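Structure data follow from structure23.csv (CSV, C-alpha atoms):
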```csv
chain,number,residue,atom,x,y,z
A,8,GLN,CA,2.3,19.5,-13.9
A,9,VAL,CA,3.5,18.4,-10.5
A,10,GLN,CA,1.5,19.3,-7.4
A,11,LEU,CA,2.4,18.5,-3.8
A,12,VAL,CA,-0.2,18.7,-1.1
A,13,GLU,CA,0.7,18.2,2.6
A,14,SER,CA,-1.6,17.2,5.4
A,15,GLY,CA,-1.4,15.9,8.9
A,16,GLY,CA,0.0,18.8,10.8
A,17,GLY,CA,-1.4,19.9,14.2
A,18,SER,CA,-0.6,20.6,17.8
A,19,VAL,CA,0.8,18.0,20.2
A,20,GLN,CA,2.6,17.9,23.5
A,21,ALA,CA,6.3,17.2,23.9
A,22,GLY,CA,6.9,13.5,23.6
A,23,GLY,CA,4.0,12.9,21.3
A,24,SER,CA,3.8,11.8,17.7
A,25,LEU,CA,2.4,13.1,14.4
A,26,ARG,CA,2.3,11.7,10.9
A,27,LEU,CA,2.6,14.0,7.9
A,28,SER,CA,1.5,13.1,4.4
A,29,CYS,CA,2.2,14.5,1.0
A,30,ALA,CA,0.1,13.6,-2.0
A,31,ALA,CA,2.0,14.0,-5.2
A,32,SER,CA,0.3,14.3,-8.5
A,33,GLY,CA,2.2,14.3,-11.8
A,34,TYR,CA,5.5,13.1,-10.3
A,35,PHE,CA,7.1,9.9,-11.4
A,36,PHE,CA,8.0,8.0,-8.2
A,37,SER,CA,9.6,5.2,-10.2
A,38,HIS,CA,12.1,7.5,-12.0
A,39,ARG,CA,15.7,6.7,-11.3
A,40,TYR,CA,16.5,10.1,-9.9
A,41,ALA,CA,13.2,11.0,-8.4
A,42,TYR,CA,13.9,12.3,-4.9
A,43,MET,CA,11.5,13.8,-2.3
A,44,ALA,CA,12.1,15.4,1.0
A,45,TRP,CA,10.6,17.1,4.0
A,46,PHE,CA,11.8,20.5,5.0
A,47,ARG,CA,10.7,22.7,7.9
A,48,GLN,CA,11.0,26.4,8.7
A,49,ALA,CA,10.4,28.1,12.0
A,50,PRO,CA,9.8,31.8,12.3
A,51,GLY,CA,13.0,33.8,11.9
A,52,LYS,CA,15.0,30.7,10.8
A,53,GLU,CA,16.2,29.3,7.5
A,54,ARG,CA,14.4,26.4,5.8
A,55,GLU,CA,15.9,23.1,7.1
A,56,GLY,CA,16.1,19.8,5.3
A,57,VAL,CA,14.7,17.1,7.7
A,58,ALA,CA,14.6,13.9,5.7
A,59,GLY,CA,14.9,12.8,2.1
A,60,ILE,CA,14.2,9.6,0.1
A,61,TYR,CA,14.9,8.3,-3.4
A,62,THR,CA,11.3,7.2,-4.2
A,63,ASN,CA,12.6,4.5,-6.7
A,64,ASP,CA,14.6,2.4,-4.2
A,65,GLY,CA,13.8,3.9,-0.8
A,66,ARG,CA,17.3,5.1,0.2
A,67,THR,CA,17.0,7.7,2.9
A,68,THR,CA,18.9,10.6,4.5
A,69,TYR,CA,18.1,12.3,7.8
A,70,ALA,CA,19.2,15.5,9.5
A,71,ASP,CA,21.1,14.8,12.7
A,72,SER,CA,18.5,16.7,14.7
A,73,VAL,CA,15.8,14.1,13.8
A,74,LYS,CA,17.7,10.8,13.5
A,75,GLY,CA,16.1,8.1,15.5
A,76,ARG,CA,12.9,10.1,16.0
A,77,PHE,CA,11.6,10.7,12.4
A,78,THR,CA,11.0,8.2,9.7
A,79,ILE,CA,10.4,9.1,6.0
A,80,SER,CA,8.6,6.7,3.7
A,81,ARG,CA,6.8,6.5,0.4
A,82,ASP,CA,4.0,4.6,-1.1
A,83,ASN,CA,4.7,4.4,-4.8
A,84,ALA,CA,1.3,2.9,-5.6
A,85,LYS,CA,-0.4,5.8,-4.0
A,86,ASN,CA,2.1,8.5,-5.0
A,87,THR,CA,2.4,9.5,-1.3
A,88,LEU,CA,5.2,10.6,0.8
A,89,SER,CA,5.0,10.4,4.6
A,90,LEU,CA,6.9,11.6,7.7
A,91,HIS,CA,6.4,9.8,10.9
A,92,MET,CA,7.5,12.0,13.8
A,93,ASN,CA,8.0,10.5,17.3
A,94,SER,CA,9.3,11.9,20.5
A,95,LEU,CA,8.5,15.4,19.3
A,96,GLU,CA,10.2,18.3,21.0
A,97,PRO,CA,9.2,22.0,21.2
A,98,GLU,CA,12.2,22.7,18.9
A,99,ASP,CA,10.4,20.7,16.2
A,100,THR,CA,7.7,23.4,15.9
A,101,ALA,CA,7.7,24.7,12.4
A,102,MET,CA,5.9,24.8,9.1
A,103,TYR,CA,6.7,21.5,7.3
A,104,TYR,CA,7.0,21.4,3.5
A,105,CYS,CA,7.1,18.5,1.1
A,106,ALA,CA,9.6,19.0,-1.8
A,107,ALA,CA,10.6,17.1,-4.9
A,108,THR,CA,13.5,17.4,-7.3
A,109,PRO,CA,13.1,17.6,-11.1
A,110,GLY,CA,14.7,14.1,-11.3
A,111,SER,CA,17.3,15.2,-13.9
A,112,GLY,CA,20.2,13.8,-11.8
A,113,ALA,CA,21.3,12.4,-8.5
A,114,ILE,CA,20.7,14.7,-5.5
A,115,GLN,CA,23.8,16.5,-4.3
A,116,SER,CA,22.6,17.6,-0.9
A,117,MET,CA,19.3,16.7,0.7
A,118,SER,CA,19.3,19.8,2.8
A,119,ARG,CA,19.9,22.3,0.0
A,120,PRO,CA,16.5,23.9,-1.0
A,121,SER,CA,17.9,24.9,-4.5
A,122,GLU,CA,18.0,21.1,-5.4
A,123,TYR,CA,14.2,21.1,-5.4
A,124,LYS,CA,11.9,22.3,-8.1
A,125,TYR,CA,8.5,21.5,-6.6
A,126,TRP,CA,7.1,22.5,-3.2
A,127,GLY,CA,3.9,22.1,-1.3
A,128,GLN,CA,2.1,24.8,0.6
A,129,GLY,CA,3.2,23.5,4.0
A,130,THR,CA,1.5,22.2,7.1
A,131,GLN,CA,2.0,23.6,10.6
A,132,VAL,CA,3.4,21.5,13.4
A,133,THR,CA,3.3,22.9,16.9
A,134,VAL,CA,4.8,21.1,19.9
A,135,SER,CA,4.1,22.4,23.4
A,136,SER,CA,6.2,21.7,26.4
```
Step by step, read the file and then write its structure as C-alpha cells.
Amino acid sequence: QVQLVESGGGSVQAGGSLRLSCAASGYFFSHRYAYMAWFRQAPGKEREGVAGIYTNDGRTTYADSVKGRFTISRDNAKNTLSLHMNSLEPEDTAMYYCAATPGSGAIQSMSRPSEYKYWGQGTQVTVSS
C-alpha cells in the first residue's frame, strides 16, 4: 500500500523560501514509469500541477508560474520527494499536495490530477506580503 506524507509547510514573508518534503512508503522509485509531482490548491481555485519528476531518471517538468523559483528533487535511497521554493510570492499561498502515478505507463500531462493514483494529505504554505 502506497502512503505519501507531506511536511515542511508554514508561513513566510514574500521573497522567502521553504522546503517541502514527501515521505513515500510502498512506492517503487526505481520503476521505469514511476512519476511524482507536487500540486497546490488555493481556496476557490482548481488544483494546479506545480512540478513533476520521473523518480527513475530525474527528468522534471515545471509549471510556467514557478519556473526558475521552485526545484523538485528526489532521494531514491530515502524514498523522499522534495520541493525547494524560493522567491515566494503571496500567489503561492495554497495547500500543497504530493502525488504519485500508478507507474503503469508514461505520464501524459504532469498537471492533470487524473494521472495520479496516490495523494498525500497536504501541507499548508502561506506567503504574506
Shortest contact to Val73 of chain A, candidates A:Cys105, A:Ile60, A:Leu90, A:Val9, atoms counted all atoms listed in the file, goes to A:Leu90
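Closest approach to Ala41 of chain A from the set A:Cys29, A:Met117, A:Val19, A:Ala107 is made by A:Ala107, with distances taken over only C-alpha atoms.
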Could you list as a list in words every residue that has an atom within 6 Å of (4.7, 12.6, -1.4), using the file's coordinates and counting all atoms listed in the file?
Cys29, Ala30, Ala31, Thr87 and Leu88 of chain A
Atom CA of Leu95 of chain A to atom CA of Glu55 of chain A measures 16.2 Å
Can you tell me how far atom CA of Asn63 of chain A sits from atom CA of Arg81 of chain A, in Å to one decimal?
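So the two atoms, atom CA of Asn63 of chain A and atom CA of Arg81 of chain A, lie 9.4 Å apart.
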Contacts of Tyr125 of chain A at 8 Å or less, counting all atoms listed in the file, minus same-chain residues fewer than 4 places along, as number ranges by chain?
A: 9-11, 106-109
Store the residues of this selection in a file with C-alpha atoms, as a PDB file, in the frame of the given file.
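New file selection.pdb:
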```
ATOM      1  CA  VAL A   9       3.500  18.400 -10.500  1.00  0.00           C
ATOM      2  CA  GLN A  10       1.500  19.300  -7.400  1.00  0.00           C
ATOM      3  CA  LEU A  11       2.400  18.500  -3.800  1.00  0.00           C
ATOM      4  CA  ALA A 106       9.600  19.000  -1.800  1.00  0.00           C
ATOM      5  CA  ALA A 107      10.600  17.100  -4.900  1.00  0.00           C
ATOM      6  CA  THR A 108      13.500  17.400  -7.300  1.00  0.00           C
ATOM      7  CA  PRO A 109      13.100  17.600 -11.100  1.00  0.00           C
TER       8      PRO A 109
END
```
Using only C-alpha atoms, which residues sit within 10 Å of Ser116 of chain A once same-chain residues fewer than 5 positions away are excluded, as a ChimeraX atom specification?
/A:56,59,68,121-122
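Using all atoms listed in the file, the nearest neighbour of Gly16 of chain A within the list A:Ser28, A:Ser135, A:Asp64, A:Glu96 is A:Ser28.
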Using only C-alpha atoms: which of A:Arg76, A:Arg26, A:Tyr123, A:His91 has the shortest distance to Gly110 of chain A:
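Selected residue with least distance to Gly110 of chain A: A:Tyr123.
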Option closest in space to Lys124 of chain A, from A:Met43, A:Asp71, A:Phe35, A:Leu25 [counting all atoms listed in the file]:
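Among A:Met43, A:Asp71, A:Phe35, A:Leu25, it is A:Met43 that comes nearest to Lys124 of chain A.
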Restricting the calculation to only C-alpha atoms, which member of A:Trp45, A:Phe36, A:Tyr103, A:Tyr61 is positioned closest to Gly17 of chain A?
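Ranked by minimum distance to Gly17 of chain A, first place goes to A:Tyr103.
From atom CA of Ser72 of chain A back to atom CA of Ser89 of chain A, the distance works out to 18.0 Å.
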Export segment 84-95 of chain A, all heavy atoms, as a compact mmCIF listing (two decimals), in the first residue's frame; it's the structure right above.
```
# COMPACT_ATOMS: atom_id res chain seq x y z
N ALA A 84 17.19 6.75 -2.33
CA ALA A 84 17.64 5.93 -1.21
C ALA A 84 16.72 6.10 -0.01
O ALA A 84 16.54 5.17 0.79
CB ALA A 84 19.07 6.29 -0.83
N LYS A 85 16.13 7.29 0.13
CA LYS A 85 15.26 7.57 1.26
C LYS A 85 13.78 7.58 0.88
O LYS A 85 12.94 7.86 1.74
CB LYS A 85 15.64 8.92 1.88
CG LYS A 85 17.03 8.96 2.46
CD LYS A 85 17.33 10.33 3.08
CE LYS A 85 18.73 10.36 3.68
NZ LYS A 85 19.04 11.68 4.28
N ASN A 86 13.48 7.31 -0.38
CA ASN A 86 12.10 7.35 -0.86
C ASN A 86 11.42 8.67 -0.49
O ASN A 86 10.32 8.70 0.08
CB ASN A 86 11.29 6.17 -0.31
CG ASN A 86 11.39 4.95 -1.21
OD1 ASN A 86 12.40 4.76 -1.86
ND2 ASN A 86 10.35 4.16 -1.25
N THR A 87 12.10 9.75 -0.82
CA THR A 87 11.62 11.08 -0.44
C THR A 87 11.59 12.00 -1.65
O THR A 87 12.53 12.02 -2.45
CB THR A 87 12.51 11.69 0.65
OG1 THR A 87 12.52 10.83 1.79
CG2 THR A 87 12.00 13.06 1.05
N LEU A 88 10.52 12.75 -1.75
CA LEU A 88 10.36 13.78 -2.77
C LEU A 88 10.43 15.13 -2.09
O LEU A 88 9.91 15.30 -0.98
CB LEU A 88 9.01 13.62 -3.46
CG LEU A 88 8.67 14.60 -4.58
CD1 LEU A 88 9.48 14.27 -5.83
CD2 LEU A 88 7.17 14.57 -4.87
N SER A 89 11.08 16.10 -2.73
CA SER A 89 11.22 17.43 -2.12
C SER A 89 10.81 18.52 -3.12
O SER A 89 10.85 18.30 -4.33
CB SER A 89 12.65 17.68 -1.68
OG SER A 89 13.04 16.78 -0.66
N LEU A 90 10.45 19.66 -2.57
CA LEU A 90 10.18 20.83 -3.39
C LEU A 90 10.82 22.03 -2.69
O LEU A 90 10.39 22.42 -1.60
CB LEU A 90 8.69 21.07 -3.56
CG LEU A 90 8.31 22.22 -4.51
CD1 LEU A 90 8.69 21.88 -5.94
CD2 LEU A 90 6.83 22.57 -4.41
N HIS A 91 11.86 22.57 -3.31
CA HIS A 91 12.51 23.76 -2.80
C HIS A 91 11.86 24.97 -3.44
O HIS A 91 11.87 25.09 -4.67
CB HIS A 91 14.01 23.73 -3.11
CG HIS A 91 14.73 22.61 -2.45
ND1 HIS A 91 15.55 22.79 -1.36
CD2 HIS A 91 14.77 21.28 -2.72
CE1 HIS A 91 16.06 21.63 -0.98
NE2 HIS A 91 15.60 20.70 -1.79
N MET A 92 11.34 25.86 -2.62
CA MET A 92 10.62 27.01 -3.12
C MET A 92 11.34 28.28 -2.71
O MET A 92 11.49 28.55 -1.51
CB MET A 92 9.18 27.02 -2.57
CG MET A 92 8.42 25.73 -2.87
SD MET A 92 6.71 25.79 -2.33
CE MET A 92 6.94 25.86 -0.56
N ASN A 93 11.78 29.04 -3.69
CA ASN A 93 12.47 30.30 -3.45
C ASN A 93 11.65 31.46 -4.01
O ASN A 93 10.74 31.25 -4.82
CB ASN A 93 13.85 30.28 -4.10
CG ASN A 93 14.77 29.23 -3.52
OD1 ASN A 93 14.79 29.02 -2.31
ND2 ASN A 93 15.52 28.57 -4.38
N SER A 94 12.00 32.65 -3.60
CA SER A 94 11.33 33.87 -4.09
C SER A 94 9.81 33.73 -4.02
O SER A 94 9.09 34.03 -4.98
CB SER A 94 11.76 34.18 -5.53
OG SER A 94 13.17 34.32 -5.61
N LEU A 95 9.34 33.27 -2.89
CA LEU A 95 7.91 33.01 -2.74
C LEU A 95 7.10 34.30 -2.84
O LEU A 95 7.54 35.37 -2.40
CB LEU A 95 7.64 32.31 -1.42
CG LEU A 95 7.99 30.82 -1.42
CD1 LEU A 95 8.12 30.29 0.00
CD2 LEU A 95 6.95 30.03 -2.19
```
